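Colleague: Handing over run.csv, CSV, C-alpha atoms and all ligand atoms.
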```csv
chain,number,residue,atom,x,y,z
A,1,MET,CA,-10.3,7.5,-10.1
A,2,SER,CA,-10.1,9.4,-13.4
A,3,PHE,CA,-6.8,10.0,-15.2
A,4,GLU,CA,-5.3,13.5,-15.2
A,5,LEU,CA,-2.4,14.9,-17.2
A,6,PRO,CA,0.3,16.0,-14.8
A,7,ALA,CA,2.2,19.2,-15.5
A,8,LEU,CA,5.8,18.6,-16.7
A,9,PRO,CA,8.2,18.9,-13.6
A,10,TYR,CA,10.4,21.3,-15.6
A,11,ALA,CA,10.1,23.9,-18.4
A,12,TYR,CA,9.6,22.7,-21.9
A,13,ASP,CA,13.1,23.9,-22.9
A,14,ALA,CA,14.8,22.5,-19.8
A,15,LEU,CA,16.1,19.3,-21.4
A,16,GLY,CA,17.8,20.9,-24.4
A,17,PRO,CA,19.8,20.0,-26.4
A,18,TYR,CA,19.0,16.4,-25.6
A,19,MET,CA,15.2,16.6,-25.8
A,20,SER,CA,13.7,19.7,-27.4
A,21,ALA,CA,10.8,21.9,-26.3
A,22,GLU,CA,9.1,20.9,-29.6
A,23,THR,CA,9.3,17.2,-28.7
A,24,LEU,CA,8.0,17.8,-25.2
A,25,GLU,CA,5.2,19.9,-26.4
A,26,PHE,CA,4.0,17.2,-28.8
A,27,HIS,CA,4.8,14.3,-26.5
A,28,HIS,CA,3.3,15.7,-23.3
A,29,ASP,CA,0.6,18.0,-24.6
A,30,LYS,CA,-0.7,15.8,-27.5
A,31,HIS,CA,0.4,12.2,-27.0
A,32,HIS,CA,0.1,11.9,-23.2
A,33,GLN,CA,-3.1,14.0,-23.2
A,34,ALA,CA,-4.6,11.6,-25.8
A,35,TYR,CA,-3.9,8.6,-23.5
A,36,VAL,CA,-5.6,10.5,-20.6
A,37,THR,CA,-8.7,11.5,-22.7
A,38,ASN,CA,-9.1,8.1,-24.3
A,39,GLY,CA,-8.4,6.3,-21.1
A,40,ASN,CA,-11.1,8.2,-19.2
A,41,ASN,CA,-13.6,7.4,-21.9
A,42,LEU,CA,-12.8,3.7,-21.8
A,43,LEU,CA,-12.7,3.6,-18.0
A,44,LYS,CA,-16.4,4.5,-17.9
A,45,ASP,CA,-18.5,1.3,-17.3
A,46,SER,CA,-15.3,-0.8,-17.4
A,47,GLY,CA,-15.9,-2.1,-13.9
A,48,LEU,CA,-12.5,-0.7,-12.8
A,49,GLU,CA,-13.5,2.9,-12.2
A,50,GLY,CA,-12.8,2.8,-8.4
A,51,LYS,CA,-9.3,1.2,-8.7
A,52,SER,CA,-5.8,2.8,-8.6
A,53,LEU,CA,-4.0,3.4,-11.8
A,54,GLU,CA,-1.7,0.4,-11.1
A,55,GLU,CA,-4.6,-1.9,-10.5
A,56,ILE,CA,-6.4,-0.7,-13.7
A,57,VAL,CA,-3.2,-1.5,-15.7
A,58,LYS,CA,-2.8,-5.0,-14.2
A,59,GLU,CA,-6.5,-5.9,-14.3
A,60,SER,CA,-7.2,-4.7,-17.8
A,61,PHE,CA,-4.1,-6.5,-19.3
A,62,GLY,CA,-5.3,-9.3,-21.7
A,63,LYS,CA,-8.9,-8.4,-21.0
A,64,ASN,CA,-9.7,-4.9,-22.2
A,65,ALA,CA,-7.1,-3.9,-24.8
A,66,GLY,CA,-8.3,-0.4,-25.4
A,67,LEU,CA,-8.4,0.5,-21.8
A,68,PHE,CA,-5.1,-1.3,-21.1
A,69,ASN,CA,-3.2,0.5,-23.9
A,70,ASN,CA,-4.3,4.0,-22.7
A,71,ALA,CA,-4.0,3.3,-18.9
A,72,ALA,CA,-0.6,1.7,-19.2
A,73,GLN,CA,0.7,4.5,-21.4
A,74,HIS,CA,-0.6,7.0,-18.9
A,75,TYR,CA,1.2,5.2,-16.1
A,76,ASN,CA,4.4,4.9,-18.2
A,77,HIS,CA,4.4,8.7,-19.1
A,78,VAL,CA,3.6,9.9,-15.6
A,79,HIS,CA,6.9,8.3,-14.6
A,80,PHE,CA,8.8,9.1,-17.8
A,81,TRP,CA,8.6,12.8,-17.2
A,82,LYS,CA,10.0,12.3,-13.7
A,83,TRP,CA,12.7,9.9,-15.0
A,84,MET,CA,14.4,12.9,-16.7
A,85,LYS,CA,15.8,16.2,-15.4
A,86,LYS,CA,18.1,19.0,-16.6
A,87,ASP,CA,21.8,17.9,-16.2
A,88,GLY,CA,20.8,14.4,-15.3
A,89,GLY,CA,22.3,11.0,-16.3
A,90,GLY,CA,25.8,9.8,-15.7
A,91,LYS,CA,27.3,7.1,-13.6
A,92,SER,CA,27.1,8.6,-10.0
A,93,LEU,CA,24.2,6.6,-8.7
A,94,PRO,CA,22.8,7.8,-5.3
A,95,GLY,CA,22.2,5.7,-2.2
A,96,VAL,CA,22.0,2.0,-2.5
A,97,LEU,CA,21.6,2.1,-6.3
A,98,ALA,CA,25.4,1.8,-7.0
A,99,SER,CA,25.8,-1.4,-5.0
A,100,LYS,CA,22.5,-2.8,-6.3
A,101,PHE,CA,23.5,-2.1,-9.9
A,102,ASP,CA,26.9,-3.8,-9.2
A,103,SER,CA,25.3,-6.9,-7.6
A,104,ASP,CA,22.3,-7.4,-9.9
A,105,LEU,CA,23.2,-5.8,-13.2
A,106,GLY,CA,27.0,-6.4,-13.4
A,107,GLY,CA,27.9,-2.7,-12.7
A,108,TYR,CA,27.1,0.6,-14.3
A,109,ASP,CA,28.9,0.0,-17.6
A,110,LYS,CA,27.2,-3.3,-18.2
A,111,PHE,CA,23.8,-1.7,-17.2
A,112,ARG,CA,24.4,1.0,-19.7
A,113,ALA,CA,25.3,-1.4,-22.5
A,114,ASP,CA,22.4,-3.7,-21.8
A,115,PHE,CA,19.8,-0.9,-21.4
A,116,LEU,CA,20.9,0.7,-24.6
A,117,ALA,CA,20.7,-2.7,-26.3
A,118,ALA,CA,17.2,-3.4,-24.9
A,119,GLY,CA,15.9,-0.1,-26.2
A,120,ALA,CA,17.6,-0.4,-29.6
A,121,THR,CA,16.4,-4.0,-30.2
A,122,GLN,CA,12.8,-3.4,-29.2
A,123,PHE,CA,11.2,-3.9,-32.6
A,124,GLY,CA,8.7,-1.1,-33.3
A,125,SER,CA,7.2,0.9,-30.5
A,126,GLY,CA,7.8,0.1,-26.8
A,127,TRP,CA,9.9,0.7,-23.8
A,128,ALA,CA,13.3,-0.3,-22.2
A,129,TRP,CA,13.2,-0.8,-18.4
A,130,VAL,CA,15.0,-1.4,-15.2
A,131,ALA,CA,12.5,-3.2,-12.9
A,132,VAL,CA,12.6,-4.9,-9.5
A,133,LYS,CA,11.4,-8.5,-9.5
A,134,ASP,CA,11.6,-10.6,-6.4
A,135,GLY,CA,13.9,-8.1,-4.8
A,136,LYS,CA,16.4,-8.1,-7.7
A,137,LEU,CA,17.0,-5.6,-10.5
A,138,GLU,CA,16.3,-6.7,-14.1
A,139,ILE,CA,16.6,-5.0,-17.5
A,140,MET,CA,13.5,-5.6,-19.6
A,141,LYS,CA,11.9,-4.4,-22.8
A,142,THR,CA,8.3,-4.4,-23.7
A,143,PRO,CA,6.2,-3.7,-26.9
A,144,ASN,CA,3.7,-0.8,-27.2
A,145,GLY,CA,2.2,0.3,-23.8
A,146,GLU,CA,3.1,-2.9,-22.0
A,147,ASN,CA,5.2,-2.5,-18.8
A,148,PRO,CA,6.8,-4.6,-16.0
A,149,LEU,CA,3.7,-4.3,-13.8
A,150,VAL,CA,2.0,-7.0,-15.9
A,151,HIS,CA,5.1,-9.3,-15.6
A,152,GLY,CA,5.1,-9.3,-11.8
A,153,ALA,CA,7.8,-6.6,-11.6
A,154,THR,CA,7.9,-2.9,-10.5
A,155,PRO,CA,9.6,-0.5,-12.9
A,156,ILE,CA,12.1,2.0,-11.4
A,157,LEU,CA,13.4,3.4,-14.7
A,158,GLY,CA,12.0,3.4,-18.2
A,159,CYS,CA,12.8,4.9,-21.6
A,160,ASP,CA,10.1,5.5,-24.2
A,161,VAL,CA,11.3,4.2,-27.6
A,162,TRP,CA,8.2,5.1,-29.5
A,163,GLU,CA,9.2,7.3,-32.5
A,164,HIS,CA,7.2,10.2,-31.1
A,165,SER,CA,9.8,10.3,-28.3
A,166,TYR,CA,12.8,11.0,-30.6
A,167,TYR,CA,11.9,11.6,-34.2
A,168,ILE,CA,11.9,15.4,-34.1
A,169,ASP,CA,15.3,15.5,-32.4
A,170,TYR,CA,17.1,12.4,-33.7
A,171,ARG,CA,15.1,11.3,-36.8
A,172,ASN,CA,15.6,7.6,-37.1
A,173,ALA,CA,18.7,7.5,-34.8
A,174,ARG,CA,17.1,5.7,-31.8
A,175,PRO,CA,20.5,4.6,-30.4
A,176,LYS,CA,21.7,8.3,-30.2
A,177,TYR,CA,18.5,9.2,-28.3
A,178,LEU,CA,19.0,6.3,-25.9
A,179,GLU,CA,22.6,7.4,-25.3
A,180,ALA,CA,21.5,11.0,-24.6
A,181,PHE,CA,18.8,9.7,-22.2
A,182,VAL,CA,21.2,7.6,-20.2
A,183,ASP,CA,24.2,10.0,-20.2
A,184,ASN,CA,22.4,13.3,-19.9
A,185,LEU,CA,18.8,13.0,-18.8
A,186,ILE,CA,18.1,10.3,-16.2
A,187,ASN,CA,16.9,11.6,-12.8
A,188,TRP,CA,18.7,9.0,-10.6
A,189,ASP,CA,17.1,10.5,-7.5
A,190,TYR,CA,13.7,9.5,-8.8
A,191,VAL,CA,15.0,6.0,-9.7
A,192,LEU,CA,16.2,5.6,-6.1
A,193,GLU,CA,12.9,6.9,-4.7
A,194,LEU,CA,11.0,4.2,-6.7
A,195,TYR,CA,13.5,1.5,-5.8
A,196,GLU,CA,13.1,2.3,-2.1
A,197,ALA,CA,9.3,2.2,-2.5
A,198,ALA,CA,9.5,-1.2,-4.3
A,199,VAL,CA,11.5,-3.2,-1.9
A,201,MN3,MN,5.5,8.3,-25.4
```
The structure given in the file should be rewritten as structure tokens.

Modeller:
Amino acid sequence: MSFELPALPYAYDALGPYMSAETLEFHHDKHHQAYVTNGNNLLKDSGLEGKSLEEIVKESFGKNAGLFNNAAQHYNHVHFWKWMKKDGGGKSLPGVLASKFDSDLGGYDKFRADFLAAGATQFGSGWAWVAVKDGKLEIMKTPNGENPLVHGATPILGCDVWEHSYYIDYRNARPKYLEAFVDNLINWDYVLELYEAAV
């Protein structure tokens, strides 16, 4: 397969004031597009051309750094756009998520504190995650393009903490961006959809 940039699932200005149209124009149209373009160039003659995106991410990890970085960032961003919506966030988790967050993550408030801490303490570029591993939810953080897939887990929520995700709107205040993401942007219905597909 070749990589393709998906359209944003909302208008560029839909996530204001928490994430501006300018941020989404740069982040989606420039940064994500670059991962797609570079990933497609590196996929040629890699031996992984016929594989799914998830397989390319897992099989290139530790073996083909250039392809891995771009393919993993493509995977991460395909989901990142869908992990946000207008009027999202908050603590009303749909379906089984509420009880699962209670049993595995110590409840919503502890999830919120731990997820914010994971994102804030990821040194340099990377991601904060909620992933399913062996049927249980875990909070994780990873550097650069790395994601839970290469650690035997399936991500169901991720927040991009690369500076390109927040510097236009929040400058250096990464914790403020993380709070806005959790409180005002998370599309919990998409988190539930990925959870149900993972278990
Ligand atoms: Mn990004």

Colleague: Pick out the residues sitting within 10 Å of Ala197 (chain A), and hand them over as a PyMOL selection string; count all atoms listed in the file, and ignore anything fewer than 5 positions along from it in its own chain.

Modeller: chain A and resi 154+156+191-192

Colleague: Export, as a compact mmCIF listing (two decimals), in the frame of the given file, the selected residues with C-alpha atoms.

Modeller:
```txt
# COMPACT_ATOMS: atom_id res chain seq x y z
CA THR A 154 7.90 -2.90 -10.50
CA ILE A 156 12.10 2.00 -11.40
CA VAL A 191 15.00 6.00 -9.70
CA LEU A 192 16.20 5.60 -6.10
```

Colleague: For a quick check of your reading of the model, name the residues lying within 12 Å of the coordinate (13.7, -2.1, -33.4), counting only C-alpha atoms, and write them as a ChimeraX atom specification.

Modeller: /A:116-128,141-144,161-163,172-175

Colleague: Extract, using all atoms listed in the file, all DNA, RNA and protein residues at most 9 Å from region 98-111 of chain A, discarding same-chain residues fewer than 3 positions from it, and format them as a ChimeraX atom specification.

Modeller: /A:91-95,114-116,136-139

Colleague: Pull C-alpha atoms from the residues just selected and write them as a PDB file, keeping the file's coordinate frame.

Modeller:
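Dumped everything to again14.pdb:
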```pdb
ATOM      1  CA  LYS A  91      27.300   7.100 -13.600  1.00  0.00           C
ATOM      2  CA  SER A  92      27.100   8.600 -10.000  1.00  0.00           C
ATOM      3  CA  LEU A  93      24.200   6.600  -8.700  1.00  0.00           C
ATOM      4  CA  PRO A  94      22.800   7.800  -5.300  1.00  0.00           C
ATOM      5  CA  GLY A  95      22.200   5.700  -2.200  1.00  0.00           C
ATOM      6  CA  ASP A 114      22.400  -3.700 -21.800  1.00  0.00           C
ATOM      7  CA  PHE A 115      19.800  -0.900 -21.400  1.00  0.00           C
ATOM      8  CA  LEU A 116      20.900   0.700 -24.600  1.00  0.00           C
ATOM      9  CA  LYS A 136      16.400  -8.100  -7.700  1.00  0.00           C
ATOM     10  CA  LEU A 137      17.000  -5.600 -10.500  1.00  0.00           C
ATOM     11  CA  GLU A 138      16.300  -6.700 -14.100  1.00  0.00           C
ATOM     12  CA  ILE A 139      16.600  -5.000 -17.500  1.00  0.00           C
TER      13      ILE A 139
END
```

Colleague: Could you list, as number ranges by chain, all protein and nucleic acid residues with an atom at most 10 Å from ligand MN3 201 (chain A), counting only C-alpha atoms and all ligand atoms?

Modeller: A: 24, 26-28, 30-32, 35, 73-74, 76-77, 80-81, 125-127, 144-145, 159-166

Colleague: Find the distance between CA of Ser2 (chain A) and CA of Gly66 (chain A) and write it in Å to one decimal.

Modeller: 15.6 Å

Colleague: Between A:Tyr12, A:Tyr75, A:Leu185, A:Gly90, which residue has the minimum interatomic distance to Pro155 (chain A), considering all atoms listed in the file?

Modeller: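 Under the stated criterion, the closest residue is A:Tyr75.
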
Colleague: Choose the residue, out of A:Met1, A:Gly88, A:Glu146, A:Pro9, that has the smallest atom-to-atom separation from Asn69 (chain A); count all atoms listed in the file.

Modeller: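 With all atoms listed in the file as the atom set, the closest residue is A:Glu146.
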
Colleague: Please measure the separation of CA of Asp169 (chain A) and CA of Leu15 (chain A), giving the value in Å to one decimal.

Modeller: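 These two atoms are separated by 11.7 Å.
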
Colleague: Which one of A:Leu8, A:Ala198, A:Gly135, A:Ala65 sits closest to Trp83 (chain A) if you count only C-alpha atoms?

Modeller: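 Smallest separation from Trp83 (chain A) among the options: A:Leu8.
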
Colleague: So, with only C-alpha atoms as the atoms that count, which of A:Ser46, A:Asn187, A:Gln33, A:Asn41 lies closest to Glu59 (chain A)?

Modeller: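 Closest to Glu59 (chain A), using only C-alpha atoms: A:Ser46.
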
Colleague: Could you pull the residues within 10 Å of Leu48 (chain A), counting only C-alpha atoms, minus those fewer than 2 positions along the same chain, as number ranges by chain?

Modeller: A: 1, 43-46, 50-53, 55-57, 59-60, 67

Colleague: Using all atoms listed in the file, which residues sit within 8 Å of Ala153 (chain A) once same-chain residues fewer than 3 positions away are excluded, as a ChimeraX atom specification?

Modeller: /A:131-134,148-150

Colleague: Export N, CA, C and O atoms of region 112-132 of chain A from the structure just given, as a PDB file, in the first residue's frame?

Modeller:
```pdb
ATOM      1  N   ARG A 112      -6.549  11.488  34.205  1.00  0.00           N
ATOM      2  CA  ARG A 112      -6.258  12.841  33.731  1.00  0.00           C
ATOM      3  C   ARG A 112      -4.889  13.291  34.249  1.00  0.00           C
ATOM      4  O   ARG A 112      -4.053  13.792  33.492  1.00  0.00           O
ATOM      5  N   ALA A 113      -4.656  13.098  35.546  1.00  0.00           N
ATOM      6  CA  ALA A 113      -3.385  13.528  36.142  1.00  0.00           C
ATOM      7  C   ALA A 113      -2.212  12.748  35.540  1.00  0.00           C
ATOM      8  O   ALA A 113      -1.167  13.339  35.203  1.00  0.00           O
ATOM      9  N   ASP A 114      -2.375  11.461  35.380  1.00  0.00           N
ATOM     10  CA  ASP A 114      -1.274  10.633  34.880  1.00  0.00           C
ATOM     11  C   ASP A 114      -1.001  10.882  33.399  1.00  0.00           C
ATOM     12  O   ASP A 114       0.150  10.854  32.953  1.00  0.00           O
ATOM     13  N   PHE A 115      -2.061  11.121  32.617  1.00  0.00           N
ATOM     14  CA  PHE A 115      -1.890  11.386  31.183  1.00  0.00           C
ATOM     15  C   PHE A 115      -1.210  12.739  30.982  1.00  0.00           C
ATOM     16  O   PHE A 115      -0.292  12.865  30.164  1.00  0.00           O
ATOM     17  N   LEU A 116      -1.648  13.754  31.756  1.00  0.00           N
ATOM     18  CA  LEU A 116      -1.011  15.072  31.666  1.00  0.00           C
ATOM     19  C   LEU A 116       0.460  14.960  32.055  1.00  0.00           C
ATOM     20  O   LEU A 116       1.329  15.563  31.416  1.00  0.00           O
ATOM     21  N   ALA A 117       0.755  14.178  33.097  1.00  0.00           N
ATOM     22  CA  ALA A 117       2.145  14.023  33.545  1.00  0.00           C
ATOM     23  C   ALA A 117       2.980  13.299  32.490  1.00  0.00           C
ATOM     24  O   ALA A 117       4.135  13.669  32.241  1.00  0.00           O
ATOM     25  N   ALA A 118       2.405  12.278  31.857  1.00  0.00           N
ATOM     26  CA  ALA A 118       3.139  11.545  30.815  1.00  0.00           C
ATOM     27  C   ALA A 118       3.523  12.493  29.681  1.00  0.00           C
ATOM     28  O   ALA A 118       4.663  12.487  29.198  1.00  0.00           O
ATOM     29  N   GLY A 119       2.579  13.330  29.260  1.00  0.00           N
ATOM     30  CA  GLY A 119       2.861  14.265  28.171  1.00  0.00           C
ATOM     31  C   GLY A 119       3.849  15.345  28.563  1.00  0.00           C
ATOM     32  O   GLY A 119       4.726  15.726  27.787  1.00  0.00           O
ATOM     33  N   ALA A 120       3.715  15.828  29.793  1.00  0.00           N
ATOM     34  CA  ALA A 120       4.583  16.923  30.239  1.00  0.00           C
ATOM     35  C   ALA A 120       6.008  16.449  30.482  1.00  0.00           C
ATOM     36  O   ALA A 120       6.954  17.208  30.308  1.00  0.00           O
ATOM     37  N   THR A 121       6.191  15.194  30.877  1.00  0.00           N
ATOM     38  CA  THR A 121       7.525  14.698  31.222  1.00  0.00           C
ATOM     39  C   THR A 121       8.206  13.956  30.077  1.00  0.00           C
ATOM     40  O   THR A 121       9.334  13.495  30.232  1.00  0.00           O
ATOM     41  N   GLN A 122       7.526  13.814  28.926  1.00  0.00           N
ATOM     42  CA  GLN A 122       8.211  13.246  27.760  1.00  0.00           C
ATOM     43  C   GLN A 122       9.264  14.263  27.323  1.00  0.00           C
ATOM     44  O   GLN A 122       8.926  15.332  26.837  1.00  0.00           O
ATOM     45  N   PHE A 123      10.539  13.947  27.509  1.00  0.00           N
ATOM     46  CA  PHE A 123      11.605  14.903  27.216  1.00  0.00           C
ATOM     47  C   PHE A 123      11.780  15.035  25.714  1.00  0.00           C
ATOM     48  O   PHE A 123      12.059  14.065  25.022  1.00  0.00           O
ATOM     49  N   GLY A 124      11.603  16.237  25.195  1.00  0.00           N
ATOM     50  CA  GLY A 124      11.684  16.451  23.755  1.00  0.00           C
ATOM     51  C   GLY A 124      10.425  15.964  23.071  1.00  0.00           C
ATOM     52  O   GLY A 124       9.367  15.833  23.687  1.00  0.00           O
ATOM     53  N   SER A 125      10.537  15.679  21.770  1.00  0.00           N
ATOM     54  CA  SER A 125       9.373  15.311  20.970  1.00  0.00           C
ATOM     55  C   SER A 125       8.856  13.927  21.334  1.00  0.00           C
ATOM     56  O   SER A 125       9.629  13.054  21.724  1.00  0.00           O
ATOM     57  N   GLY A 126       7.558  13.732  21.177  1.00  0.00           N
ATOM     58  CA  GLY A 126       6.999  12.411  21.428  1.00  0.00           C
ATOM     59  C   GLY A 126       5.504  12.451  21.602  1.00  0.00           C
ATOM     60  O   GLY A 126       4.830  13.386  21.147  1.00  0.00           O
ATOM     61  N   TRP A 127       4.984  11.435  22.285  1.00  0.00           N
ATOM     62  CA  TRP A 127       3.543  11.241  22.429  1.00  0.00           C
ATOM     63  C   TRP A 127       3.202  10.716  23.816  1.00  0.00           C
ATOM     64  O   TRP A 127       3.994   9.981  24.426  1.00  0.00           O
ATOM     65  N   ALA A 128       2.008  11.068  24.292  1.00  0.00           N
ATOM     66  CA  ALA A 128       1.415  10.443  25.484  1.00  0.00           C
ATOM     67  C   ALA A 128       0.260   9.574  25.000  1.00  0.00           C
ATOM     68  O   ALA A 128      -0.450   9.953  24.057  1.00  0.00           O
ATOM     69  N   TRP A 129       0.070   8.429  25.661  1.00  0.00           N
ATOM     70  CA  TRP A 129      -0.875   7.425  25.150  1.00  0.00           C
ATOM     71  C   TRP A 129      -1.738   6.808  26.244  1.00  0.00           C
ATOM     72  O   TRP A 129      -1.292   6.679  27.386  1.00  0.00           O
ATOM     73  N   VAL A 130      -2.915   6.325  25.830  1.00  0.00           N
ATOM     74  CA  VAL A 130      -3.607   5.256  26.546  1.00  0.00           C
ATOM     75  C   VAL A 130      -3.627   4.091  25.567  1.00  0.00           C
ATOM     76  O   VAL A 130      -4.042   4.251  24.408  1.00  0.00           O
ATOM     77  N   ALA A 131      -3.134   2.927  26.002  1.00  0.00           N
ATOM     78  CA  ALA A 131      -3.041   1.767  25.123  1.00  0.00           C
ATOM     79  C   ALA A 131      -3.611   0.544  25.832  1.00  0.00           C
ATOM     80  O   ALA A 131      -3.672   0.501  27.060  1.00  0.00           O
ATOM     81  N   VAL A 132      -4.024  -0.435  25.022  1.00  0.00           N
ATOM     82  CA  VAL A 132      -4.491  -1.713  25.557  1.00  0.00           C
ATOM     83  C   VAL A 132      -3.355  -2.716  25.440  1.00  0.00           C
ATOM     84  O   VAL A 132      -2.817  -2.927  24.345  1.00  0.00           O
TER      85      VAL A 132
END
```
